[in-house]
Amino acid sequence: MKMQHRNRQKVRMRIMAAIYKRELKSYFQSVIGCLFIGATLFMIGLYFTVYNLFYGYPQISYALQSVVFLFMLTVPVLTMRILAEERKNKTDQLILTAPVSVGKIVLGKYLALAAIYTIPCLIVAVYPLILSHFGSVPMGESYLALLAFYLYGLAAIAIGTFVSSLTESVVISAVVTFALLFLGFVMEGIISLISQSGNLLTRFLSIFAMSQRFYDSVEGTLHIDAVIYFLSIIVLMLFLTCQMIQKRRYSVSVKNMSLSAYNSTMTVIVVAVVVAVNLIVGALPNKYTVWDLTTNKLYSLTQDSIDYVSGLDEDVTIYVLNTEDNTDSMVKQTLEHYKDLTDKISVEYVDPLVNPKFASQYMDAATTVSRGTIIVESDKRYKVINNSSLYETSMDYSTYQSTTTGYDGEGQITSAIAYVVSDEMPKIYLTTGHGEQQLESSFTQLIAKVNIDTEDLQLMDVDTIPEDAAGVLIDAPTSDFSADDADKIIDYLNQGGKVFVVAGYTEDSQPNFQKILNYFDLEAEPGMVFESNQNNFYQSPYYLLPDISTSSSLTSAIAGNYYIFAPYAVGITQIGEDDSVSITPLLTTSDDAFSRTDLSNADSLTPEEGDITGPFYIGLEAEKTLDSGSANLLLFSSYVMFTQSADSMVSGANSQLFANCLGTFGTYEAGISIPVKTYEVSTLLLTQQNIIILAVIITGVIPLAFLVTGLVVWLRRRKKA
């Protein structure tokens, strides 16, 4: 009996394989298969040429998102005849009487369609590998986008297969398939028109929003619920296709179109199971269903946030002044990650239209509260995060257009949590009265982000540095300190103080300011640092790109991933007379650097008479051991380093270093700082020749090869006929 059962199974599998081969062969003999492949490759190639070759974007997701509308046109043509034509030609009677299950028949036909669709997807899978020859390509994001595109297409083909089983007219099959796919493509827009806040009807309609599941999965996060959704559509559509065939196979008569209890019951059960599986997966926490595949972990929390938040022992409530449905999806996803980490954090959405008085208790003269604002509160205090601070933007002053360049939701929220649970806030004093540089807004925001209070300090007005000073920031003085002011800083250091100094080139000497550096056995050499090593400067020899230390926690995360831009720097050297001072290099020049003392001759790239040869420190940590405790110095020798113009040259690496240094002024809990997660990616570098050759091959040669092959096969068959 077992042997007979196995033999029957083998026969059925052979029949299914035969159906698969017959269908696959027929599609290539009728031009439709080659037309589908050629059209798909042409449209993807067209957008790939624009976005990836001409604009140099490294992700192929832009191209795939742009052509997803193509399914509404190509899938109906591909699937319209798969079952409808069988029914029209009465050849379905052979299928209905075949010694094989309907499921295997339907599966064989569907796999033939899937195989045709797989061919262009496999060819597109080579595109990221081609791009990798011209720069850094985020492979995880690229292949995730291709997976989402592939699943969307398979689901669309399953819908077309089901529609084809409903009618014997290939035209009706194509039109109805187009209509269903069109609804799935625009459903998200329809939902937003019905209700911005969401209701029972929009939740029901969201079941049919196929395109939204696709778009959720092409931004770099693998949504397991979206994968289950597409697989569910495939399974359900193929099952319903089987049921439609079973309806004709097992109907008792045409007059009495009664179905067997088996069909009705199974339909209800399968639909219920599909709905239940999707509901269960959708209800799971994001940490189980959302996997971040972006290179900079844009959609997940960094380890610093995870470590800090997981150890919370106080309750924190995060209020979002918006409805949950209208809250920015990125922000909502970030908040879900916090909730999943600990039960000490709760998130509440407060609609300002329903509860307009709620926000008033958090407003003051310096705080504005608007829709989308986040309020983080504990029993100790609260912090308001304005919606505008969640994203980093840059302004193109040639066009006056603002562009979103980064996401700072995690950084702002983690910082706010640290602020509301910390017992004390550190304060640093910013010296004034010596022509100091004023920090730009982006850097003052960084200070606020790491929960440090600031206050200006005119040294002439005080006898000593205030006792509550966690540190003193001296930002690029252009005139010399008085002897008395320098002594006040040194007295503060003798008490175990910490000073953050930004120096820079000045034409006049600053002997009293030098005394502060001499305290740590350091001196600033006259002149401006020039680099002879081309790997250590950008465009001009005084636009330094110093070597970044990997041995310090302040720079280790930056080294190897970014440059630091330090123009117009002075060279810092160690005198070497004080054994109580230890130096930790942060930024250094190459051995070929020199300090040019005569800047009237700025063209020569080799040291001349009077120049001072390197190497030099451009940034360092210094610690001086005292009888009780130690004095600490953070020193950087480029006055332009911590400005927005320099920071933008290196994708925010300078500001990241600044924030890391600020974190040393307070406790880790209060000063935790998560860098902005940048949206900007390095563009690919292709020559005009590369672009033309690849565009011709991808947009012309490959699609045309399939079309020509299909036409040749079709014409040969027509001749024989």
# chains A, B, ... in the order shown; residues from 1 in each chain; ligands from 1

$ residues_around --residues "region 55-71 of chain A" --least-positions-apart "6" --cutoff "9 Å" --atoms "only C-alpha atoms" --output "CSV table (one decimal) with C-alpha atoms, in the first residue's frame"
chain,number,residue,atom,x,y,z
A,39,ALA,CA,9.2,45.6,-20.3
A,40,THR,CA,10.1,45.0,-16.6
A,43,MET,CA,11.4,50.3,-16.9
A,44,ILE,CA,13.7,49.3,-14.0
A,45,GLY,CA,16.7,50.1,-16.2
A,46,LEU,CA,15.3,53.5,-17.1
A,47,TYR,CA,15.0,54.6,-13.5
A,48,PHE,CA,18.2,52.8,-12.5
A,49,THR,CA,20.0,54.9,-15.2
A,127,TYR,CA,22.9,45.7,-10.3
A,128,PRO,CA,24.1,46.4,-6.7
A,131,LEU,CA,27.4,49.7,-8.5
A,132,SER,CA,29.8,48.5,-5.9
A,135,GLY,CA,31.6,53.3,-4.5
A,136,SER,CA,30.1,52.1,-1.3
A,137,VAL,CA,26.7,50.4,-1.8
A,138,PRO,CA,24.4,49.5,1.1
A,139,MET,CA,23.9,45.8,0.2
A,141,GLU,CA,19.1,47.9,2.0
A,142,SER,CA,19.4,47.2,-1.7
A,143,TYR,CA,18.6,43.5,-1.5
A,144,LEU,CA,15.8,44.1,1.1
A,145,ALA,CA,14.2,46.5,-1.4
A,146,LEU,CA,14.5,43.8,-4.1
A,149,PHE,CA,9.6,44.2,-4.9
A,152,TYR,CA,4.8,42.4,-4.2
A,153,GLY,CA,5.0,41.0,-7.7
A,156,ALA,CA,0.0,40.6,-7.7
A,157,ILE,CA,0.5,37.5,-9.9
A,178,PHE,CA,-5.9,45.9,-13.2
A,181,LEU,CA,-4.1,46.0,-8.3
A,182,PHE,CA,-5.0,49.7,-8.9
A,185,PHE,CA,-1.8,50.8,-5.2
A,211,SER,CA,1.6,49.3,-1.8
A,214,PHE,CA,5.9,47.5,0.0
A,215,TYR,CA,7.0,51.1,0.8
A,218,VAL,CA,12.1,49.4,1.0
A,219,GLU,CA,13.5,52.0,3.5
A,681,VAL,CA,25.1,58.8,1.6
A,682,SER,CA,28.2,59.1,-0.4
A,683,THR,CA,27.4,59.2,-4.1
A,684,LEU,CA,28.9,56.8,-6.6
A,685,LEU,CA,31.7,58.1,-8.8
A,686,LEU,CA,31.0,57.1,-12.5

$ residues_around --residues "region 563-565 of chain A" --least-positions-apart "2" --cutoff "7 Å" --atoms "only C-alpha atoms" --output "list in words"
Leu544, Leu545, Pro546, Pro567, Met641, Ala646, Val650, Ala653 and Asn654 of chain A

$ write_last_selection --atoms "all heavy atoms" --output "tab-separated table (two decimals), in the first residue's frame"
chain	number	residue	atom	x	y	z
A	544	LEU	N	43.25	70.98	6.77
A	544	LEU	CA	43.79	69.73	7.29
A	544	LEU	C	42.73	68.66	7.46
A	544	LEU	O	41.60	68.92	7.89
A	544	LEU	CB	44.47	69.97	8.64
A	544	LEU	CG	45.56	71.03	8.71
A	544	LEU	CD1	46.22	71.01	10.09
A	544	LEU	CD2	46.59	70.82	7.61
A	545	LEU	N	43.11	67.42	7.14
A	545	LEU	CA	42.35	66.22	7.47
A	545	LEU	C	43.26	65.36	8.36
A	545	LEU	O	43.95	64.45	7.88
A	545	LEU	CB	41.96	65.45	6.21
A	545	LEU	CG	41.09	66.19	5.19
A	545	LEU	CD1	40.92	65.37	3.93
A	545	LEU	CD2	39.73	66.53	5.79
A	546	PRO	N	43.32	65.68	9.64
A	546	PRO	CA	44.31	65.03	10.51
A	546	PRO	C	44.02	63.56	10.73
A	546	PRO	O	42.89	63.09	10.53
A	546	PRO	CB	44.19	65.83	11.82
A	546	PRO	CG	42.81	66.39	11.80
A	546	PRO	CD	42.50	66.66	10.37
A	567	PRO	N	40.68	73.24	9.34
A	567	PRO	CA	41.44	74.26	8.59
A	567	PRO	C	42.05	75.32	9.50
A	567	PRO	O	41.61	75.54	10.62
A	567	PRO	CB	40.38	74.86	7.67
A	567	PRO	CG	39.07	74.56	8.32
A	567	PRO	CD	39.24	73.38	9.20
A	641	MET	N	37.07	74.53	13.37
A	641	MET	CA	36.63	73.14	13.51
A	641	MET	C	35.18	73.03	13.93
A	641	MET	O	34.39	72.27	13.34
A	641	MET	CB	37.49	72.40	14.54
A	641	MET	CG	38.58	71.55	13.96
A	641	MET	SD	39.42	70.60	15.23
A	641	MET	CE	38.16	69.40	15.60
A	646	ALA	N	32.46	73.93	8.57
A	646	ALA	CA	33.44	72.84	8.62
A	646	ALA	C	32.77	71.51	8.87
A	646	ALA	O	33.15	70.48	8.29
A	646	ALA	CB	34.48	73.13	9.71
A	650	VAL	N	32.27	67.20	6.46
A	650	VAL	CA	32.61	65.82	6.85
A	650	VAL	C	31.40	65.11	7.47
A	650	VAL	O	31.54	64.28	8.36
A	650	VAL	CB	33.80	65.81	7.83
A	650	VAL	CG1	35.10	66.08	7.11
A	650	VAL	CG2	33.60	66.81	8.97
A	653	ALA	N	30.93	64.87	11.38
A	653	ALA	CA	31.94	64.24	12.24
A	653	ALA	C	32.52	65.22	13.26
A	653	ALA	O	32.81	64.85	14.40
A	653	ALA	CB	33.06	63.64	11.39
A	654	ASN	N	32.70	66.48	12.86
A	654	ASN	CA	33.23	67.48	13.81
A	654	ASN	C	32.28	67.70	14.97
A	654	ASN	O	32.70	67.79	16.13
A	654	ASN	CB	33.47	68.81	13.08
A	654	ASN	CG	34.72	68.78	12.22
A	654	ASN	OD1	35.25	67.72	11.92
A	654	ASN	ND2	35.18	69.94	11.80

$ closest_residue --among "A:Asn660, A:Glu531, A:Ile575, A:Ala483" --to "Pro607 (chain A)" --atoms "only C-alpha atoms"
A:Glu531

$ residues_around --residues "Gly372 (chain A)" --least-positions-apart "6" --cutoff "6 Å" --atoms "only C-alpha atoms" --output "ChimeraX atom specification"
/A:321-322,387

$ closest_residue --among "A:Ile548, A:Leu430, A:Leu457, A:Val271" --to "Val502 (chain A)" --atoms "only C-alpha atoms"
A:Leu430

$ residues_around --residues "Thr573 (chain A)" --least-positions-apart "4" --cutoff "6 Å" --atoms "only C-alpha atoms" --output "VMD selection string"
chain A and resid 522 to 523 616

$ select_by_dssp --residues "region 118-349 of chain A" --states "strand (DSSP E or B)" --output "list in words"
Thr221, Leu222, His223, Val290, Trp291, Asp292, Val316, Thr317, Ile318, Tyr319, Val320, Ile345, Ser346, Val347, Glu348 and Tyr349 of chain A

$ residues_around --residues "region 468-472 of chain A" --least-positions-apart "5" --cutoff "12 Å" --atoms "only C-alpha atoms" --output "ChimeraX atom specification"
/A:424-432,452-459,488-490,492-493,495-502,631-635,661-667,671

$ residues_around --residues "Gly614 (chain A)" --least-positions-apart "5" --cutoff "6 Å" --atoms "only C-alpha atoms" --output "ChimeraX atom specification"
/A:591,593-594
